[in-house]
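Source file: input-v8.csv. Holds: CSV, C-alpha atoms.
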```csv
chain,number,residue,atom,x,y,z
A,3,MET,CA,-5.5,-16.8,-19.4
A,4,ASN,CA,-2.3,-18.5,-18.2
A,5,PHE,CA,0.7,-19.3,-20.3
A,6,ARG,CA,-0.1,-22.9,-20.7
A,7,LYS,CA,-3.7,-22.3,-22.0
A,8,LYS,CA,-2.4,-19.6,-24.4
A,9,ASN,CA,0.1,-22.1,-25.8
A,10,ILE,CA,-2.5,-24.7,-26.4
A,11,LEU,CA,-4.7,-22.2,-28.2
A,12,ARG,CA,-1.8,-21.1,-30.4
A,13,ASN,CA,-0.9,-24.7,-31.3
A,14,TYR,CA,-4.6,-25.3,-32.1
A,15,LYS,CA,-4.7,-22.2,-34.4
A,16,VAL,CA,-1.5,-23.3,-36.2
A,17,SER,CA,-2.8,-26.8,-36.8
A,18,VAL,CA,-6.1,-25.4,-38.2
A,19,LEU,CA,-4.1,-23.1,-40.5
A,20,LEU,CA,-1.9,-26.1,-41.7
A,21,TYR,CA,-5.0,-28.1,-42.2
A,22,LYS,CA,-6.6,-25.4,-44.4
A,23,MET,CA,-3.3,-25.0,-46.3
A,24,SER,CA,-3.2,-28.7,-47.1
A,25,PHE,CA,-6.4,-28.2,-49.2
A,26,ASP,CA,-4.8,-25.9,-51.7
A,27,ARG,CA,-1.2,-26.9,-52.0
A,28,PRO,CA,0.8,-25.5,-54.9
A,29,LEU,CA,1.1,-27.5,-58.2
A,30,SER,CA,4.0,-29.9,-57.9
A,31,PRO,CA,6.0,-29.8,-61.2
A,32,HIS,CA,5.7,-26.4,-62.8
A,33,LEU,CA,5.5,-27.6,-66.4
A,34,SER,CA,5.4,-24.1,-68.0
A,35,ILE,CA,8.3,-22.6,-66.0
A,36,HIS,CA,11.1,-25.2,-66.0
A,37,LYS,CA,13.5,-25.6,-68.9
A,38,LYS,CA,12.6,-28.7,-70.9
A,39,VAL,CA,15.2,-31.3,-70.0
A,40,LEU,CA,15.1,-34.6,-71.9
A,41,THR,CA,14.4,-36.6,-68.7
A,42,ALA,CA,11.5,-34.3,-67.8
A,43,VAL,CA,10.1,-34.6,-71.4
A,44,PHE,CA,10.3,-38.4,-71.1
A,45,SER,CA,8.5,-38.3,-67.8
A,46,ILE,CA,5.7,-36.0,-69.1
A,47,PHE,CA,5.3,-38.2,-72.2
A,48,HIS,CA,5.2,-41.3,-70.0
A,49,ARG,CA,2.3,-39.8,-68.0
A,50,PHE,CA,0.5,-38.5,-71.1
A,51,THR,CA,0.8,-41.9,-72.9
A,52,GLY,CA,-0.4,-43.5,-69.6
A,53,ILE,CA,-3.6,-41.4,-69.6
A,54,CYS,CA,-4.2,-42.2,-73.3
A,55,LEU,CA,-3.6,-46.0,-72.7
A,56,SER,CA,-6.1,-45.9,-69.7
A,57,LEU,CA,-8.7,-44.7,-72.2
A,58,GLY,CA,-7.4,-47.5,-74.5
A,59,ALA,CA,-8.0,-50.0,-71.7
A,60,ILE,CA,-11.6,-48.9,-71.5
A,61,LEU,CA,-11.9,-49.2,-75.3
A,62,LEU,CA,-10.5,-52.7,-75.0
A,63,SER,CA,-13.2,-53.7,-72.5
A,64,VAL,CA,-15.8,-52.1,-74.8
A,65,TRP,CA,-14.4,-54.4,-77.6
A,66,ILE,CA,-14.8,-57.5,-75.4
A,67,ILE,CA,-18.4,-56.4,-74.4
A,68,LEU,CA,-19.3,-56.0,-78.1
A,69,ILE,CA,-18.0,-59.5,-78.8
A,70,ALA,CA,-20.1,-60.9,-76.0
A,71,LEU,CA,-23.2,-58.9,-77.2
A,72,GLY,CA,-23.1,-60.8,-80.5
A,73,PRO,CA,-22.3,-60.4,-84.2
A,74,ASP,CA,-24.9,-57.6,-84.8
A,75,TYR,CA,-23.2,-55.3,-82.2
A,76,TYR,CA,-19.7,-56.4,-83.3
A,77,SER,CA,-20.4,-55.3,-86.9
A,78,MET,CA,-20.5,-51.7,-85.6
A,79,PHE,CA,-16.9,-52.1,-84.6
A,80,GLN,CA,-16.1,-53.8,-87.9
A,81,ASN,CA,-17.7,-51.0,-89.9
A,82,LEU,CA,-15.6,-48.5,-87.9
A,83,SER,CA,-12.4,-50.5,-88.5
A,84,THR,CA,-12.5,-50.0,-92.3
A,85,LEU,CA,-12.0,-46.3,-91.9
A,86,ILE,CA,-8.6,-44.8,-92.6
A,87,PHE,CA,-9.1,-42.7,-89.5
A,88,PHE,CA,-9.3,-45.8,-87.4
A,89,LYS,CA,-6.1,-47.2,-89.0
A,90,ILE,CA,-4.2,-44.0,-88.0
A,91,PHE,CA,-5.7,-44.2,-84.5
A,92,LEU,CA,-4.5,-47.8,-84.2
A,93,PHE,CA,-1.1,-46.9,-85.5
A,94,LEU,CA,-0.7,-44.2,-82.9
A,95,TRP,CA,-2.0,-46.6,-80.3
A,96,THR,CA,0.7,-49.1,-81.2
A,97,LEU,CA,3.4,-46.4,-80.9
A,98,THR,CA,1.9,-45.3,-77.5
A,99,ILE,CA,1.9,-48.9,-76.2
A,100,PHE,CA,5.6,-49.5,-77.2
A,101,TYR,CA,6.8,-46.1,-75.9
A,102,HIS,CA,5.0,-46.6,-72.5
A,103,LEU,CA,6.3,-50.3,-72.4
A,104,TYR,CA,9.9,-49.6,-73.0
A,105,ASN,CA,10.1,-46.4,-71.0
A,106,GLY,CA,8.3,-48.3,-68.2
A,107,ILE,CA,11.0,-51.0,-68.3
A,108,ARG,CA,13.6,-48.1,-68.0
A,109,TYR,CA,11.7,-46.8,-65.0
A,110,LEU,CA,11.6,-50.3,-63.4
A,111,PHE,CA,15.4,-50.4,-63.6
A,112,TRP,CA,15.5,-46.9,-61.9
A,113,SER,CA,13.2,-48.3,-59.1
A,114,TYR,CA,16.1,-50.7,-58.3
A,115,GLY,CA,18.6,-47.9,-58.5
A,116,LYS,CA,20.1,-49.4,-61.7
A,117,MET,CA,21.1,-47.5,-64.9
A,118,MET,CA,20.9,-44.1,-63.2
A,119,GLU,CA,24.2,-42.6,-64.3
A,120,LEU,CA,23.4,-39.5,-66.4
A,121,SER,CA,25.1,-40.7,-69.6
A,122,ILE,CA,23.2,-44.1,-69.4
A,123,VAL,CA,19.9,-42.2,-68.6
A,124,TYR,CA,20.3,-40.2,-71.8
A,125,LYS,CA,21.4,-43.2,-73.9
A,126,SER,CA,18.6,-45.5,-72.7
A,127,GLY,CA,16.2,-42.7,-73.5
A,128,TYR,CA,17.3,-42.7,-77.1
A,129,VAL,CA,17.1,-46.5,-77.1
A,130,VAL,CA,13.5,-46.3,-76.0
A,131,ILE,CA,12.6,-43.9,-78.8
A,132,ILE,CA,14.4,-46.0,-81.5
A,133,LEU,CA,13.0,-49.3,-80.1
A,134,SER,CA,9.4,-48.1,-80.0
A,135,ILE,CA,9.5,-46.7,-83.5
A,136,LEU,CA,11.1,-50.0,-84.8
A,137,SER,CA,8.6,-52.2,-83.0
A,138,THR,CA,5.7,-50.2,-84.3
A,139,ILE,CA,7.0,-50.4,-87.9
A,140,PHE,CA,7.6,-54.2,-87.4
A,141,VAL,CA,4.0,-54.7,-86.1
A,142,TRP,CA,2.5,-52.8,-89.0
A,143,ILE,CA,4.6,-54.6,-91.6
A,144,SER,CA,3.5,-58.0,-90.1
A,145,ILE,CA,-0.2,-57.0,-90.5
B,27,MET,CA,2.0,-43.8,-45.4
B,28,LYS,CA,1.8,-47.6,-45.6
B,29,ASN,CA,-1.0,-47.3,-48.1
B,30,TYR,CA,1.2,-45.2,-50.5
B,31,ALA,CA,4.0,-47.7,-50.2
B,32,SER,CA,1.7,-50.6,-51.1
B,33,LYS,CA,0.4,-48.6,-54.0
B,34,TRP,CA,3.9,-48.0,-55.2
B,35,ILE,CA,4.7,-51.7,-55.0
B,36,MET,CA,1.5,-52.7,-56.8
B,37,GLN,CA,2.2,-50.2,-59.6
B,38,ARG,CA,5.6,-52.0,-60.2
B,39,LEU,CA,4.1,-55.5,-59.7
B,40,THR,CA,1.3,-54.9,-62.3
B,41,ALA,CA,3.9,-53.3,-64.6
B,42,VAL,CA,6.1,-56.5,-64.5
B,43,ILE,CA,3.0,-58.6,-65.1
B,44,LEU,CA,2.0,-56.4,-68.1
B,45,ILE,CA,5.4,-56.6,-69.9
B,46,PRO,CA,5.2,-60.1,-71.3
B,47,LEU,CA,1.4,-59.9,-71.6
B,48,THR,CA,1.6,-56.8,-73.8
B,49,PHE,CA,4.0,-58.5,-76.2
B,50,TRP,CA,1.7,-61.5,-76.3
B,51,PHE,CA,-1.5,-59.4,-76.9
B,52,VAL,CA,0.1,-57.2,-79.6
B,53,TYR,CA,1.2,-60.4,-81.3
B,54,GLN,CA,-2.3,-61.9,-81.0
B,55,CYS,CA,-3.8,-58.6,-82.3
B,56,VAL,CA,-1.7,-58.9,-85.5
B,57,LEU,CA,-3.3,-62.4,-86.0
B,58,LEU,CA,-6.8,-61.3,-84.9
B,59,SER,CA,-6.8,-58.4,-87.4
B,60,SER,CA,-7.6,-60.8,-90.2
B,61,TYR,CA,-10.2,-62.8,-88.3
B,62,ASP,CA,-14.0,-62.5,-88.6
B,63,TYR,CA,-16.5,-62.6,-85.7
B,64,THR,CA,-16.7,-66.4,-85.2
B,65,GLN,CA,-12.9,-66.8,-85.4
B,66,ILE,CA,-12.4,-64.0,-82.8
B,67,LYS,CA,-15.0,-65.7,-80.5
B,68,ALA,CA,-13.2,-69.0,-81.1
B,69,PHE,CA,-9.9,-67.3,-79.9
B,70,PHE,CA,-11.5,-66.9,-76.4
B,71,TYR,CA,-12.7,-70.5,-76.3
B,72,SER,CA,-9.1,-71.4,-75.6
B,73,LYS,CA,-8.7,-71.5,-71.8
B,74,ILE,CA,-5.1,-70.2,-72.0
B,75,ASN,CA,-6.1,-67.2,-74.2
B,76,ALA,CA,-9.1,-66.4,-72.1
B,77,SER,CA,-7.2,-66.5,-68.8
B,78,LEU,CA,-4.2,-64.5,-70.2
B,79,PHE,CA,-6.6,-61.9,-71.6
B,80,PHE,CA,-8.4,-61.7,-68.2
B,81,ILE,CA,-5.1,-61.2,-66.3
B,82,LEU,CA,-4.0,-58.6,-68.9
B,83,ILE,CA,-7.2,-56.5,-68.7
B,84,ILE,CA,-7.4,-56.6,-64.9
B,85,ALA,CA,-3.7,-55.8,-64.4
B,86,MET,CA,-4.0,-53.1,-67.1
B,87,LEU,CA,-7.0,-51.4,-65.5
B,88,TYR,CA,-5.5,-51.6,-62.0
B,89,HIS,CA,-2.2,-50.2,-63.3
B,90,ALA,CA,-4.1,-47.4,-65.1
B,91,LYS,CA,-6.1,-46.6,-61.9
B,92,LEU,CA,-2.9,-46.3,-59.8
B,93,GLY,CA,-1.1,-44.3,-62.4
B,94,ASN,CA,-4.0,-41.9,-62.9
B,95,GLU,CA,-4.4,-41.4,-59.2
B,96,THR,CA,-0.7,-40.5,-58.9
B,97,ILE,CA,-1.1,-37.9,-61.7
B,98,VAL,CA,-4.2,-36.5,-59.9
B,99,GLU,CA,-2.3,-36.3,-56.6
B,100,ASP,CA,0.5,-34.4,-58.3
B,101,TYR,CA,-1.4,-31.9,-60.4
B,102,VAL,CA,-4.9,-31.3,-58.9
B,103,THR,CA,-4.7,-28.8,-56.1
B,104,SER,CA,-8.3,-28.4,-55.1
B,105,HIS,CA,-9.3,-31.0,-52.4
B,106,ASN,CA,-12.9,-31.4,-53.8
B,107,LEU,CA,-11.8,-31.7,-57.4
B,108,LYS,CA,-9.2,-34.3,-56.4
B,109,LYS,CA,-11.8,-36.3,-54.5
B,110,THR,CA,-14.3,-36.1,-57.5
B,111,THR,CA,-11.6,-37.1,-60.1
B,112,LYS,CA,-10.5,-40.0,-58.0
B,113,SER,CA,-14.1,-41.3,-57.6
B,114,ILE,CA,-14.6,-41.1,-61.4
B,115,ILE,CA,-11.3,-43.0,-62.0
B,116,SER,CA,-12.3,-45.7,-59.4
B,117,ALA,CA,-15.9,-46.0,-60.8
B,118,LEU,CA,-14.7,-46.3,-64.4
B,119,THR,CA,-12.0,-48.9,-63.4
B,120,TYR,CA,-14.3,-51.1,-61.4
B,121,LEU,CA,-17.2,-50.8,-64.0
B,122,SER,CA,-14.8,-51.9,-66.8
B,123,MET,CA,-13.4,-54.7,-64.6
B,124,VAL,CA,-16.9,-56.1,-63.8
B,125,LEU,CA,-18.3,-55.7,-67.4
B,126,THR,CA,-15.2,-57.3,-68.9
B,127,THR,CA,-15.3,-60.3,-66.5
B,128,ILE,CA,-19.0,-60.8,-67.2
B,129,SER,CA,-18.5,-60.6,-71.0
B,130,LEU,CA,-15.6,-63.0,-70.9
B,131,LEU,CA,-17.5,-65.5,-68.8
B,132,TYR,CA,-20.5,-65.1,-71.2
B,133,ILE,CA,-18.2,-65.7,-74.3
B,134,ILE,CA,-16.7,-68.8,-72.7
B,135,SER,CA,-20.0,-70.3,-71.6
B,136,SER,CA,-21.8,-69.7,-74.9
```
Will you turn the file into structure tokens for me?
Amino acid sequence: MNFRKKNILRNYKVSVLLYKMSFDRPLSPHLSIHKKVLTAVFSIFHRFTGICLSLGAILLSVWIILIALGPDYYSMFQNLSTLIFFKIFLFLWTLTIFYHLYNGIRYLFWSYGKMMELSIVYKSGYVVIILSILSTIFVWISI
Amino acid sequence: MKNYASKWIMQRLTAVILIPLTFWFVYQCVLLSSYDYTQIKAFFYSKINASLFFILIIAMLYHAKLGNETIVEDYVTSHNLKKTTKSIISALTYLSMVLTTISLLYIISS
């Protein structure tokens, strides 16, 4: 086998190896290893609340389907809504919505490279927490 | 690569659409909480309410799909599991979108 053929074979083997490696890449953020920095905690919570809200979006479509199905089906939802457990669930849902909303606005500013100085990053983080708690309380007082 | 860039832009675009709509919907929910079935149904008879709700739910489900896919990309290492999870996410999203649209159209027409 001449040098050129050998080289082609070697390149082929390397690319096969890389292809196999791409299937089991390492986990990206090592949640259990890194020190919990405020920004990281915010990011994790943003993703966690995002997953919860996706399930909430599906529940919202179930709600609209129940309305379409008629009053007999909708009464199932109404019976459920009298439970205190359901009220707690809705309260947490409100808090989750506002946290994800305000933190999402913060991330939108970051997408434009705005508000990225470390001191502002921390300050806006605290503003997000305070605003989401205040908004949730405001909504539940209004009801 | 182009695909990921467009996904990134769509994630932000749906986010911007959702900001005012979320405030609107939370406000409406405060009002809706005291309504009975006929009043809630009457809420969707208004064309503005029905179209805003339609935009909200579609943008929300799409935003959720993109977000969940990003999370799966970041944390799931196994190629097969990644593929399976992504298909489940897509299936749930499109199923919810279709059923919501049909339900809304049914409520409006009835």
Could you tell me which residues of chain B sit within 9 Å of chain A when counting only C-alpha atoms, and give me the result as a CSV table (one decimal) with C-alpha atoms, in the frame of the given file?
```
chain,number,residue,atom,x,y,z
B,38,ARG,CA,5.6,-52.0,-60.2
B,41,ALA,CA,3.9,-53.3,-64.6
B,42,VAL,CA,6.1,-56.5,-64.5
B,44,LEU,CA,2.0,-56.4,-68.1
B,45,ILE,CA,5.4,-56.6,-69.9
B,48,THR,CA,1.6,-56.8,-73.8
B,52,VAL,CA,0.1,-57.2,-79.6
B,53,TYR,CA,1.2,-60.4,-81.3
B,56,VAL,CA,-1.7,-58.9,-85.5
B,57,LEU,CA,-3.3,-62.4,-86.0
B,59,SER,CA,-6.8,-58.4,-87.4
B,60,SER,CA,-7.6,-60.8,-90.2
B,62,ASP,CA,-14.0,-62.5,-88.6
B,63,TYR,CA,-16.5,-62.6,-85.7
B,64,THR,CA,-16.7,-66.4,-85.2
B,66,ILE,CA,-12.4,-64.0,-82.8
B,67,LYS,CA,-15.0,-65.7,-80.5
B,83,ILE,CA,-7.2,-56.5,-68.7
B,86,MET,CA,-4.0,-53.1,-67.1
B,87,LEU,CA,-7.0,-51.4,-65.5
B,89,HIS,CA,-2.2,-50.2,-63.3
B,90,ALA,CA,-4.1,-47.4,-65.1
B,91,LYS,CA,-6.1,-46.6,-61.9
B,93,GLY,CA,-1.1,-44.3,-62.4
B,94,ASN,CA,-4.0,-41.9,-62.9
B,97,ILE,CA,-1.1,-37.9,-61.7
B,100,ASP,CA,0.5,-34.4,-58.3
B,101,TYR,CA,-1.4,-31.9,-60.4
B,102,VAL,CA,-4.9,-31.3,-58.9
B,103,THR,CA,-4.7,-28.8,-56.1
B,104,SER,CA,-8.3,-28.4,-55.1
B,105,HIS,CA,-9.3,-31.0,-52.4
B,106,ASN,CA,-12.9,-31.4,-53.8
B,118,LEU,CA,-14.7,-46.3,-64.4
B,119,THR,CA,-12.0,-48.9,-63.4
B,122,SER,CA,-14.8,-51.9,-66.8
B,123,MET,CA,-13.4,-54.7,-64.6
B,125,LEU,CA,-18.3,-55.7,-67.4
B,126,THR,CA,-15.2,-57.3,-68.9
B,128,ILE,CA,-19.0,-60.8,-67.2
B,129,SER,CA,-18.5,-60.6,-71.0
B,130,LEU,CA,-15.6,-63.0,-70.9
B,131,LEU,CA,-17.5,-65.5,-68.8
B,132,TYR,CA,-20.5,-65.1,-71.2
B,133,ILE,CA,-18.2,-65.7,-74.3
```
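We find CA of Ala117 in chain B and CA of Asn29 in chain B to be spaced 19.6 Å apart.
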task: For CA of Tyr30 in chain B and CA of Val98 in chain B, determine how far apart the two atoms are, in Å to one decimal place.
output: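 Value for the CA of Tyr30 in chain B-CA of Val98 in chain B distance: 13.9 Å.
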- request: Please indicate the distance in Å from CA of Ser113 in chain B to CA of Ala31 in chain B, rounded to one decimal place.
  value: 20.6 Å
task: Identify, on the basis of all atoms listed in the file, every residue whose closest approach to Trp50 in chain B does not exceed 10 Å; exclude the query and any residue fewer than 3 positions from it along the same chain; express the result as a list in words.
output: Leu44, Ile45, Pro46, Leu47, Tyr53, Gln54, Cys55, Asn75, Leu78, Phe79 and Leu82 of chain B
